[in-house]
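Here is the structure we will look at, set down as structure tokens.
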Amino acid sequence: ATPTAVMVATGVGASQGVLIKGGQALESAQKVDCIVFDKTGTLTIGKPVVVNTKLLKNMVLREFYDYVAASEVNSEHPLAKAIVEHAKKFHSGENYIWSEARDFISMTGHGVKAEVSDKCVLVGNKTFMSSSGIDIPVEASEILTEEEEKARTTILVAMNQEVVGIISVSDPIKPNAREVISYLKSMKVESIMVTGDNWGTANAISKEVGIENVVAEAKPEQKAEKVKELQLAGRTVAMVGDGINDSPALVSADVGLAIGAGTDVAIEAADIVLMKSNLEDVITAIDLSRKTFFRIR
Ligand code: ADP
Ligand code: MG
């Protein structure tokens with residue numbers, strides 16, 4: 001393609017809300033034969049809502065959520081925000097202030113820990129509980145499986161080294177996610193999903209969107225490793241993500257695409273920004289690139 005053609009295509013992209021940061025990204029996009037998608041906020045809406053709470057101990061919900069919210073109010077994670085929003089419902093009309101959380105620790109991809117009045121509170125996933133030396137009772141495991149089969153993300157709550165409750169959070173897939181994945185297939189582009197979420201939820205979501213190749217419980221570096229593994233197999237890889245935890249993978253990919261509504265770190269790391277945060281624009285970008293580079297040959 002001539003520099004003029006690249007310039008024109010970049011302009012067309014921009015007018016459609018597809019921000020292409022340079023000719024190299026535009027050229028690579030036409031060679032892409034597989035796309036790695038992040039789950040939360042990319043394939044799903046990204047606004048999780050608490051839909052269920054199961055208590056294993058004799059405790060009232062309002063008291064339970066006072067401890068949990070006091071810990072999570074210090075976290076920026078979307079799951080933390082969902083929990084705090086839910087906890088507020090138990091105090092509607094009141095001017096409630098959560099207890100002070102001492103010794104707050106946030107563990108990326110695991111959860112949070114804090115001392116709240118008389119209790120040591122841990123909120124997070126199975127890995128976080130195990131690595132903190134907390135046993136997961138059979139009763140809890142059964143609830144986890146049941147909820148994860150419904151495509152819900154599960155969060156365990158432990159107080160003083162004992163699992164006391166499970167919070168289920170729902171984050172539905174975007175309305176056009178399934179259609180986009182199916183259309184990419186018709187363009188001979190394979191889709192893969194990577195997520196920090198648990199395997200049960202990941203499998204249920206991937207089934208809903210129609211993706212067969214899944215990697216769950218992945219740390220940020222493992223998302224990038226998946227990209228590199230595909231590249232070593234001779235593939236040209238695009239990565240689509242929205243979070244800080246996606247940025248290493250966005251950088252590693254031949255083409256990194258960030259969801260416009262995502263975090264600044266992801267937008268910075270990407271080659272292409274989807275300003276309208278519409279998954280369909282992944283197709284727009286590839287299409288634009290194919291047209292630009294095939295036409296001139
Ligand atoms: P994703 O790749 O889906 O964006 P993350 O890497 O952000 O996921 O988080 C992975 C998992 O770590 C979450 O599904 C959750 O189980 C746990 N987690 C992380 N932060 C928190 C938190 N603040 N509260 C509870 N659980 C958390
Ligand atoms: Mg995400």
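We name chains A, B, ... following the order of the structure tokens; residues begin at 1 in each chain, and ligands are numbered from 1 as shown.
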
Using only C-alpha atoms and all ligand atoms, tabulate the residues of chain A lying at most 7 Å from any atom of ligand 2, each with its closest atom pair and that distance in Å to one decimal, by chain and increasing residue number, as CSV.
```
residue,atom,partner,partner_atom_place_in_ligand_line,distance
A:Asp38,CA,ligand 2,1 (Mg),5.6
A:Lys39,CA,ligand 2,1 (Mg),5.7
A:Thr40,CA,ligand 2,1 (Mg),4.0
A:Gly41,CA,ligand 2,1 (Mg),4.5
A:Thr42,CA,ligand 2,1 (Mg),5.8
A:Gly241,CA,ligand 2,1 (Mg),5.9
A:Asp242,CA,ligand 2,1 (Mg),5.0
A:Gly243,CA,ligand 2,1 (Mg),4.6
A:Asp246,CA,ligand 2,1 (Mg),7.0
```

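Residues of region 24-54 of chain A carrying a DSSP assignment of alpha helix (DSSP H), computed from the backbone, are A:Gln24, A:Ala25, A:Leu26, A:Glu27, A:Ser28, A:Ala29.
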
Could you give me, as a tab-separated table, a per-residue list for chain A showing, wherever an atom lies at most 6 Å from an atom of ligand 1, the closest pair of atoms and their distance in Å to one decimal, using only C-alpha atoms and all ligand atoms and sorting by chain then residue number from low to high?
```
residue	atom	partner	partner_atom_place_in_ligand_line	distance
A:Lys39	CA	ligand 1	3 (O)	5.6
A:Thr40	CA	ligand 1	3 (O)	4.6
A:Ser75	CA	ligand 1	23 (N)	5.4
A:His77	CA	ligand 1	23 (N)	4.9
A:Leu79	CA	ligand 1	24 (N)	5.6
A:Ala80	CA	ligand 1	23 (N)	4.7
A:Thr108	CA	ligand 1	19 (C)	5.7
A:Gly109	CA	ligand 1	12 (O)	3.6
A:His110	CA	ligand 1	12 (O)	4.0
A:Gly111	CA	ligand 1	21 (C)	3.7
A:Val112	CA	ligand 1	23 (N)	5.4
A:Val123	CA	ligand 1	25 (C)	5.2
A:Gly124	CA	ligand 1	26 (N)	3.7
A:Asn125	CA	ligand 1	16 (O)	4.2
A:Ile155	CA	ligand 1	16 (O)	5.7
A:Thr195	CA	ligand 1	2 (O)	3.9
A:Gly196	CA	ligand 1	2 (O)	3.5
A:Asp197	CA	ligand 1	14 (O)	3.7
```

Serialized selection, N, CA and C atoms, as a compact mmCIF listing (two decimals), in the first residue's frame:
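The result, written out as out-v9.txt:
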```txt
# COMPACT_ATOMS: atom_id res chain seq x y z
N LYS A 39 -11.80 -11.83 29.01
CA LYS A 39 -13.22 -12.05 29.30
C LYS A 39 -13.91 -10.81 29.88
N THR A 40 -13.53 -10.48 31.13
CA THR A 40 -14.24 -9.43 31.87
C THR A 40 -14.07 -8.05 31.24
N SER A 75 -10.51 -1.29 47.50
CA SER A 75 -10.04 -1.88 46.24
C SER A 75 -10.69 -1.21 45.03
N HIS A 77 -10.96 -2.84 42.16
CA HIS A 77 -11.42 -3.93 41.28
C HIS A 77 -12.93 -3.85 41.04
N LEU A 79 -15.06 -6.14 40.85
CA LEU A 79 -15.78 -7.05 41.76
C LEU A 79 -15.96 -6.37 43.12
N ALA A 80 -14.96 -5.63 43.55
CA ALA A 80 -15.02 -4.91 44.82
C ALA A 80 -16.13 -3.85 44.76
N THR A 108 -3.20 -8.78 43.55
CA THR A 108 -3.68 -8.81 42.16
C THR A 108 -4.05 -10.23 41.73
N GLY A 109 -5.25 -10.36 41.21
CA GLY A 109 -5.72 -11.66 40.73
C GLY A 109 -6.12 -12.63 41.83
N HIS A 110 -6.12 -12.18 43.08
CA HIS A 110 -6.45 -13.06 44.20
C HIS A 110 -7.57 -12.52 45.09
N GLY A 111 -7.41 -11.27 45.55
CA GLY A 111 -8.41 -10.70 46.44
C GLY A 111 -7.82 -9.71 47.41
N VAL A 112 -8.58 -9.44 48.49
CA VAL A 112 -8.10 -8.46 49.47
C VAL A 112 -8.14 -9.05 50.89
N VAL A 123 -11.24 -11.68 51.34
CA VAL A 123 -12.25 -11.75 50.29
C VAL A 123 -11.52 -12.04 48.98
N GLY A 124 -11.83 -13.19 48.36
CA GLY A 124 -11.13 -13.52 47.12
C GLY A 124 -11.43 -14.92 46.61
N ASN A 125 -10.57 -15.41 45.75
CA ASN A 125 -10.83 -16.72 45.12
C ASN A 125 -10.22 -17.89 45.89
N ILE A 155 -16.96 -15.49 44.82
CA ILE A 155 -15.98 -14.88 45.70
C ILE A 155 -16.17 -15.45 47.10
N THR A 195 -8.57 -15.47 30.80
CA THR A 195 -9.16 -14.74 31.93
C THR A 195 -8.50 -15.10 33.24
N GLY A 196 -8.55 -14.17 34.17
CA GLY A 196 -8.07 -14.42 35.51
C GLY A 196 -9.12 -15.11 36.36
N ASP A 197 -10.33 -15.18 35.85
CA ASP A 197 -11.46 -15.79 36.56
C ASP A 197 -11.28 -17.33 36.60
```

Closest contacts (region 108-177 of chain A/region 272-290 of chain A, max 10 Å, only C-alpha atoms) as a Markdown table:
```
| residue | atom | partner | partner_atom | distance |
| --- | --- | --- | --- | --- |
| A:Lys174 | CA | A:Leu279 | CA | 8.4 |
| A:Pro175 | CA | A:Leu279 | CA | 9.8 |
| A:Asn176 | CA | A:Leu279 | CA | 7.4 |
| A:Ala177 | CA | A:Leu279 | CA | 6.8 |
```

Would you save the residues from that selection as a compact mmCIF listing (two decimals), in the first residue's frame, using N, CA and C atoms?
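Done, and the output landed in selection_38.txt:
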```
# COMPACT_ATOMS: atom_id res chain seq x y z
N LYS A 174 -21.69 -9.43 26.30
CA LYS A 174 -22.21 -8.33 25.49
C LYS A 174 -23.19 -8.90 24.46
N PRO A 175 -24.25 -8.16 24.14
CA PRO A 175 -25.30 -8.69 23.27
C PRO A 175 -24.79 -9.18 21.91
N ASN A 176 -23.73 -8.58 21.38
CA ASN A 176 -23.26 -8.99 20.04
C ASN A 176 -22.03 -9.89 20.08
N ALA A 177 -21.60 -10.32 21.28
CA ALA A 177 -20.36 -11.09 21.40
C ALA A 177 -20.39 -12.37 20.57
```

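Put simply, CA of Val163 (chain A) is 29.4 Å away from CA of Asn95 (chain A).
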